[in-house]
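See below for the structure under consideration.
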Amino acid sequence: MPATLPPEVFGFLKKLSQNNNREWFTENKPLYVESQQNVIAFLEDLIIEMSGFDEELAKIDAKKALFRIYRDTRFSKDKTPYKTNFGASLGMGKGSQKGGYYLHLEPGKSFVAGGIYMPEASVLKELRKEISLYSNDFLTIINNKEFKKYFPELDQEGKLKKIPQGFEKDDPMAEYLKLKNFIAVYDLQDEEVLDPNAVKNLTKIFKLMKPMNDFLNAPLS
């Protein structure tokens, strides 16, 4: 039976969001360590399950996939020292040059995502060219009935107002070419995350993103 995420993980994150300071964290370090171990166990089972449809994922180490809880406050106005979530990159991250998956665990704000987030300019250009050239293939993937059920539209963060240079203004894929990220996001309810069958249920959602990742990875391989 795959690991289940205990409610105590969200309990810890809620307490941390109310006491985001070093003194409290130091006093409650055992709570953090226990939560972290529970998340790693959950990720290990999720990786095993997901590698059934994407064998590349079998190489991922759950401990390394989990982001640090310590915030980098050097260039931020927000000086709170800790993140109030557990985030894990399953082959996807900021500036990643390859399509992958991401899991975000946070009370009331959990989500799963897939695709390529904030790619470098050269990679972004290649992705746009691929979408323009193979528009039918791309539209078939993102308009798939099951995909559309979970991901009505791709993430619009940072979308350009005008079509980027190098592309025709009347390109039928213009709205997609304006995107800066190519990611699909599905918001999770707390009960979906804490469900005893969460590993299997989340795997089904992640699997829907595989054809999109394959399409995005094709020009980059």
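Ordering of the structure tokens sets the chain letters (A, B, ...), residue numbers begin anew at 1 in every chain, and ligands are numbered from 1 in the order given.
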
Subject >> segment 199-205 of chain A environment, 10 Å, only C-alpha atoms, sequence neighbours closer than 3 positions dropped, as a PyMOL selection string >> reply: chain A and resi 1-5+42-53+103+111-114+146-147+150-151+186+188+192-196+208-210

Original post:
What lies within 12 Å of Ser35 of chain A using only C-alpha atoms, ignoring chain neighbours under 3 positions off, as a VMD selection string?
Top reply: chain A and resid 5 to 13 16 28 to 32 38 to 42 69 85 to 86 105

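Using only C-alpha atoms, the smallest distance between any of A:Ser89, A:Thr26, A:Gln156, A:Asn217 and Asp61 of chain A comes from A:Ser89.
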
Original post:
Which residues come within 12 Å of segment 135-144 of chain A, counting only C-alpha atoms, excluding same-chain residues fewer than 3 positions away, as a PyMOL selection string?
Top reply: chain A and resi 115+127-132+147-154+171-177+182-184+208-216+218

Store the residues picked out above, limited to N, CA, C and O atoms, as a CSV table (one decimal), in the first residue's frame.
```csv
chain,number,residue,atom,x,y,z
A,115,GLY,N,5.2,20.5,-17.4
A,115,GLY,CA,5.6,21.3,-18.5
A,115,GLY,C,7.0,21.9,-18.3
A,115,GLY,O,7.8,21.4,-17.5
A,127,LEU,N,10.8,26.3,-28.5
A,127,LEU,CA,9.4,25.8,-28.2
A,127,LEU,C,8.4,26.5,-29.0
A,127,LEU,O,7.4,25.8,-29.5
A,128,ARG,N,8.5,27.8,-29.2
A,128,ARG,CA,7.6,28.5,-30.0
A,128,ARG,C,7.6,28.1,-31.4
A,128,ARG,O,6.5,27.9,-32.0
A,129,LYS,N,8.8,27.8,-31.9
A,129,LYS,CA,8.9,27.3,-33.3
A,129,LYS,C,8.2,26.0,-33.5
A,129,LYS,O,7.5,25.8,-34.5
A,130,GLU,N,8.4,25.1,-32.5
A,130,GLU,CA,7.7,23.8,-32.6
A,130,GLU,C,6.2,23.9,-32.5
A,130,GLU,O,5.5,23.2,-33.3
A,131,ILE,N,5.7,24.8,-31.7
A,131,ILE,CA,4.3,25.0,-31.6
A,131,ILE,C,3.7,25.6,-32.9
A,131,ILE,O,2.6,25.2,-33.3
A,132,SER,N,4.4,26.5,-33.5
A,132,SER,CA,4.0,27.1,-34.7
A,132,SER,C,4.0,26.1,-35.9
A,132,SER,O,3.0,26.0,-36.6
A,147,PHE,N,-7.5,15.8,-20.7
A,147,PHE,CA,-6.5,16.9,-20.3
A,147,PHE,C,-7.3,18.2,-20.0
A,147,PHE,O,-7.0,18.9,-19.0
A,148,LYS,N,-8.3,18.5,-20.8
A,148,LYS,CA,-9.0,19.8,-20.7
A,148,LYS,C,-9.8,19.8,-19.4
A,148,LYS,O,-10.1,20.8,-18.8
A,149,LYS,N,-10.2,18.6,-19.0
A,149,LYS,CA,-11.0,18.5,-17.7
A,149,LYS,C,-10.2,19.0,-16.5
A,149,LYS,O,-10.8,19.7,-15.7
A,150,TYR,N,-9.0,18.7,-16.5
A,150,TYR,CA,-8.1,19.1,-15.4
A,150,TYR,C,-7.4,20.4,-15.7
A,150,TYR,O,-7.1,21.2,-14.8
A,151,PHE,N,-7.1,20.7,-17.0
A,151,PHE,CA,-6.3,21.9,-17.4
A,151,PHE,C,-7.0,22.6,-18.5
A,151,PHE,O,-6.7,22.5,-19.7
A,152,PRO,N,-8.0,23.5,-18.1
A,152,PRO,CA,-8.8,24.2,-19.1
A,152,PRO,C,-8.0,25.1,-20.0
A,152,PRO,O,-8.3,25.3,-21.2
A,153,GLU,N,-6.9,25.6,-19.4
A,153,GLU,CA,-6.0,26.4,-20.2
A,153,GLU,C,-4.6,26.4,-19.6
A,153,GLU,O,-4.4,26.0,-18.5
A,154,LEU,N,-3.6,26.7,-20.4
A,154,LEU,CA,-2.2,26.7,-19.9
A,154,LEU,C,-2.0,27.9,-19.1
A,154,LEU,O,-2.7,28.9,-19.2
A,171,ASP,N,-0.2,34.4,-37.3
A,171,ASP,CA,0.0,33.0,-37.0
A,171,ASP,C,-1.2,32.5,-36.2
A,171,ASP,O,-1.5,33.1,-35.2
A,172,PRO,N,-1.8,31.4,-36.6
A,172,PRO,CA,-3.0,30.9,-35.9
A,172,PRO,C,-2.7,30.5,-34.5
A,172,PRO,O,-3.6,30.4,-33.7
A,173,MET,N,-1.4,30.3,-34.2
A,173,MET,CA,-1.0,29.9,-32.8
A,173,MET,C,-0.6,31.1,-32.0
A,173,MET,O,0.0,30.9,-30.9
A,174,ALA,N,-0.9,32.3,-32.4
A,174,ALA,CA,-0.4,33.5,-31.8
A,174,ALA,C,-0.5,33.5,-30.3
A,174,ALA,O,0.4,33.9,-29.6
A,175,GLU,N,-1.7,33.2,-29.8
A,175,GLU,CA,-2.0,33.2,-28.3
A,175,GLU,C,-1.0,32.3,-27.5
A,175,GLU,O,-0.7,32.6,-26.4
A,176,TYR,N,-0.7,31.2,-28.1
A,176,TYR,CA,0.3,30.3,-27.5
A,176,TYR,C,1.7,30.7,-27.6
A,176,TYR,O,2.5,30.5,-26.7
A,177,LEU,N,2.0,31.4,-28.7
A,177,LEU,CA,3.4,31.9,-28.9
A,177,LEU,C,3.7,33.0,-28.0
A,177,LEU,O,4.9,33.3,-27.7
A,182,PHE,N,5.3,27.1,-20.5
A,182,PHE,CA,4.4,26.1,-21.0
A,182,PHE,C,4.1,25.1,-20.0
A,182,PHE,O,4.7,24.0,-19.9
A,183,ILE,N,3.2,25.5,-19.1
A,183,ILE,CA,2.8,24.6,-17.9
A,183,ILE,C,1.3,24.5,-17.7
A,183,ILE,O,0.6,25.4,-18.0
A,184,ALA,N,1.0,23.3,-17.3
A,184,ALA,CA,-0.4,23.0,-17.0
A,184,ALA,C,-0.5,22.9,-15.4
A,184,ALA,O,0.4,22.2,-14.9
A,208,LEU,N,-1.6,12.6,-17.5
A,208,LEU,CA,-2.3,13.4,-18.5
A,208,LEU,C,-1.3,14.4,-19.1
A,208,LEU,O,-1.5,14.9,-20.3
A,209,MET,N,-0.3,14.8,-18.4
A,209,MET,CA,0.7,15.8,-18.8
A,209,MET,C,1.8,15.2,-19.7
A,209,MET,O,2.5,16.0,-20.3
A,210,LYS,N,1.9,13.9,-19.7
A,210,LYS,CA,3.0,13.2,-20.3
A,210,LYS,C,3.1,13.6,-21.8
A,210,LYS,O,4.2,13.9,-22.4
A,211,PRO,N,2.0,13.5,-22.6
A,211,PRO,CA,2.1,13.9,-24.0
A,211,PRO,C,2.5,15.3,-24.3
A,211,PRO,O,3.3,15.6,-25.2
A,212,MET,N,2.1,16.2,-23.4
A,212,MET,CA,2.6,17.6,-23.5
A,212,MET,C,4.1,17.7,-23.3
A,212,MET,O,4.8,18.4,-24.0
A,213,ASN,N,4.6,17.0,-22.2
A,213,ASN,CA,6.0,17.0,-22.0
A,213,ASN,C,6.8,16.4,-23.1
A,213,ASN,O,7.8,16.9,-23.5
A,214,ASP,N,6.3,15.3,-23.7
A,214,ASP,CA,6.9,14.7,-24.8
A,214,ASP,C,7.0,15.7,-26.0
A,214,ASP,O,8.1,15.8,-26.7
A,215,PHE,N,6.0,16.4,-26.2
A,215,PHE,CA,5.9,17.4,-27.3
A,215,PHE,C,7.0,18.5,-27.1
A,215,PHE,O,7.7,18.8,-28.0
A,216,LEU,N,7.0,19.0,-25.9
A,216,LEU,CA,7.9,20.1,-25.5
A,216,LEU,C,9.4,19.6,-25.5
A,216,LEU,O,10.3,20.4,-25.9
A,218,ALA,N,10.7,17.3,-27.5
A,218,ALA,CA,11.1,16.8,-28.8
A,218,ALA,C,12.1,17.7,-29.4
A,218,ALA,O,13.2,17.3,-29.9
```

**OP:** Using only C-alpha atoms, find the one residue out of A:Ser110, A:Asn181, A:Gly166, A:Ser122 that sits nearest to Met92 of chain A.
**Re:** A:Asn181

Subject >> Residue nearest Pro81 of chain A among A:Arg22, A:Gly100, A:Lys59, A:Tyr134 (counting only C-alpha atoms) >> reply: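 Smallest separation from Pro81 of chain A among the options: A:Arg22.
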
Original post:
Quick one, how far is atom CA of Tyr101 of chain A from atom CA of Thr84 of chain A?
Top reply: 20.2 Å

**OP:** Just give me the gap between atom CA of Lys64 of chain A and atom CA of Lys109 of chain A in Å, one decimal is fine.
**Re:**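 Here the two named atoms are 22.5 Å from each other.
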
Subject >> Pick from A:Ala198, A:Leu57, A:Ile116, A:Leu66 nearest to Lys98 of chain A, counting only C-alpha atoms >> reply: A:Ile116

**OP:** Identify which of the residues A:Arg71, A:Lys77, A:Glu55, A:Lys178 lies closest to Gly158 of chain A, counting only C-alpha atoms when measuring atom-to-atom distances.
**Re:** A:Lys178

Original post:
atom CA of Tyr82 of chain A and atom CA of Asn21 of chain A are how many Å apart?
Top reply: 7.6 Å

Subject >> DSSP helix (DSSP H, G or I) residues within segment 21-112 of chain A, as a ChimeraX atom specification >> reply: /A:22-27,29-50,55-59,62-65

Atoms kept (C-alpha atoms) for selection, written as a PDB file, in the first residue's frame:
```pdb
ATOM      1  CA  ARG A  22      13.707  30.994  13.886  1.00  0.00           C
ATOM      2  CA  GLU A  23      12.927  30.653  17.607  1.00  0.00           C
ATOM      3  CA  TRP A  24       9.699  28.727  17.015  1.00  0.00           C
ATOM      4  CA  PHE A  25      11.238  26.618  14.272  1.00  0.00           C
ATOM      5  CA  THR A  26      14.215  25.656  16.442  1.00  0.00           C
ATOM      6  CA  GLU A  27      11.923  24.655  19.316  1.00  0.00           C
ATOM      7  CA  LYS A  29      12.460  21.104  14.778  1.00  0.00           C
ATOM      8  CA  PRO A  30      11.301  17.523  15.566  1.00  0.00           C
ATOM      9  CA  LEU A  31       7.884  18.387  14.066  1.00  0.00           C
ATOM     10  CA  TYR A  32       9.594  19.606  10.896  1.00  0.00           C
ATOM     11  CA  VAL A  33      11.833  16.537  10.633  1.00  0.00           C
ATOM     12  CA  GLU A  34       8.840  14.196  11.075  1.00  0.00           C
ATOM     13  CA  SER A  35       6.819  16.088   8.432  1.00  0.00           C
ATOM     14  CA  GLN A  36       9.767  16.113   6.050  1.00  0.00           C
ATOM     15  CA  GLN A  37      10.213  12.333   6.433  1.00  0.00           C
ATOM     16  CA  ASN A  38       6.503  11.769   5.775  1.00  0.00           C
ATOM     17  CA  VAL A  39       6.661  13.878   2.609  1.00  0.00           C
ATOM     18  CA  ILE A  40       9.775  12.005   1.394  1.00  0.00           C
ATOM     19  CA  ALA A  41       8.036   8.641   1.951  1.00  0.00           C
ATOM     20  CA  PHE A  42       5.024   9.943   0.011  1.00  0.00           C
ATOM     21  CA  LEU A  43       7.280  11.163  -2.812  1.00  0.00           C
ATOM     22  CA  GLU A  44       9.140   7.852  -2.982  1.00  0.00           C
ATOM     23  CA  ASP A  45       5.886   5.997  -3.595  1.00  0.00           C
ATOM     24  CA  LEU A  46       4.665   8.663  -6.023  1.00  0.00           C
ATOM     25  CA  ILE A  47       7.905   8.385  -8.044  1.00  0.00           C
ATOM     26  CA  ILE A  48       7.568   4.574  -8.198  1.00  0.00           C
ATOM     27  CA  GLU A  49       3.952   4.884  -9.368  1.00  0.00           C
ATOM     28  CA  MET A  50       4.721   7.627 -11.915  1.00  0.00           C
ATOM     29  CA  GLU A  55      10.602   5.557 -16.781  1.00  0.00           C
ATOM     30  CA  GLU A  56      12.928   8.606 -16.612  1.00  0.00           C
ATOM     31  CA  LEU A  57      11.359   9.426 -13.243  1.00  0.00           C
ATOM     32  CA  ALA A  58      12.737   6.228 -11.701  1.00  0.00           C
ATOM     33  CA  LYS A  59      16.151   7.949 -11.566  1.00  0.00           C
ATOM     34  CA  ALA A  62      12.924  11.795  -3.474  1.00  0.00           C
ATOM     35  CA  LYS A  63      15.188  13.536  -0.927  1.00  0.00           C
ATOM     36  CA  LYS A  64      16.896  15.588  -3.634  1.00  0.00           C
ATOM     37  CA  ALA A  65      13.578  16.300  -5.375  1.00  0.00           C
TER      38      ALA A  65
END
```
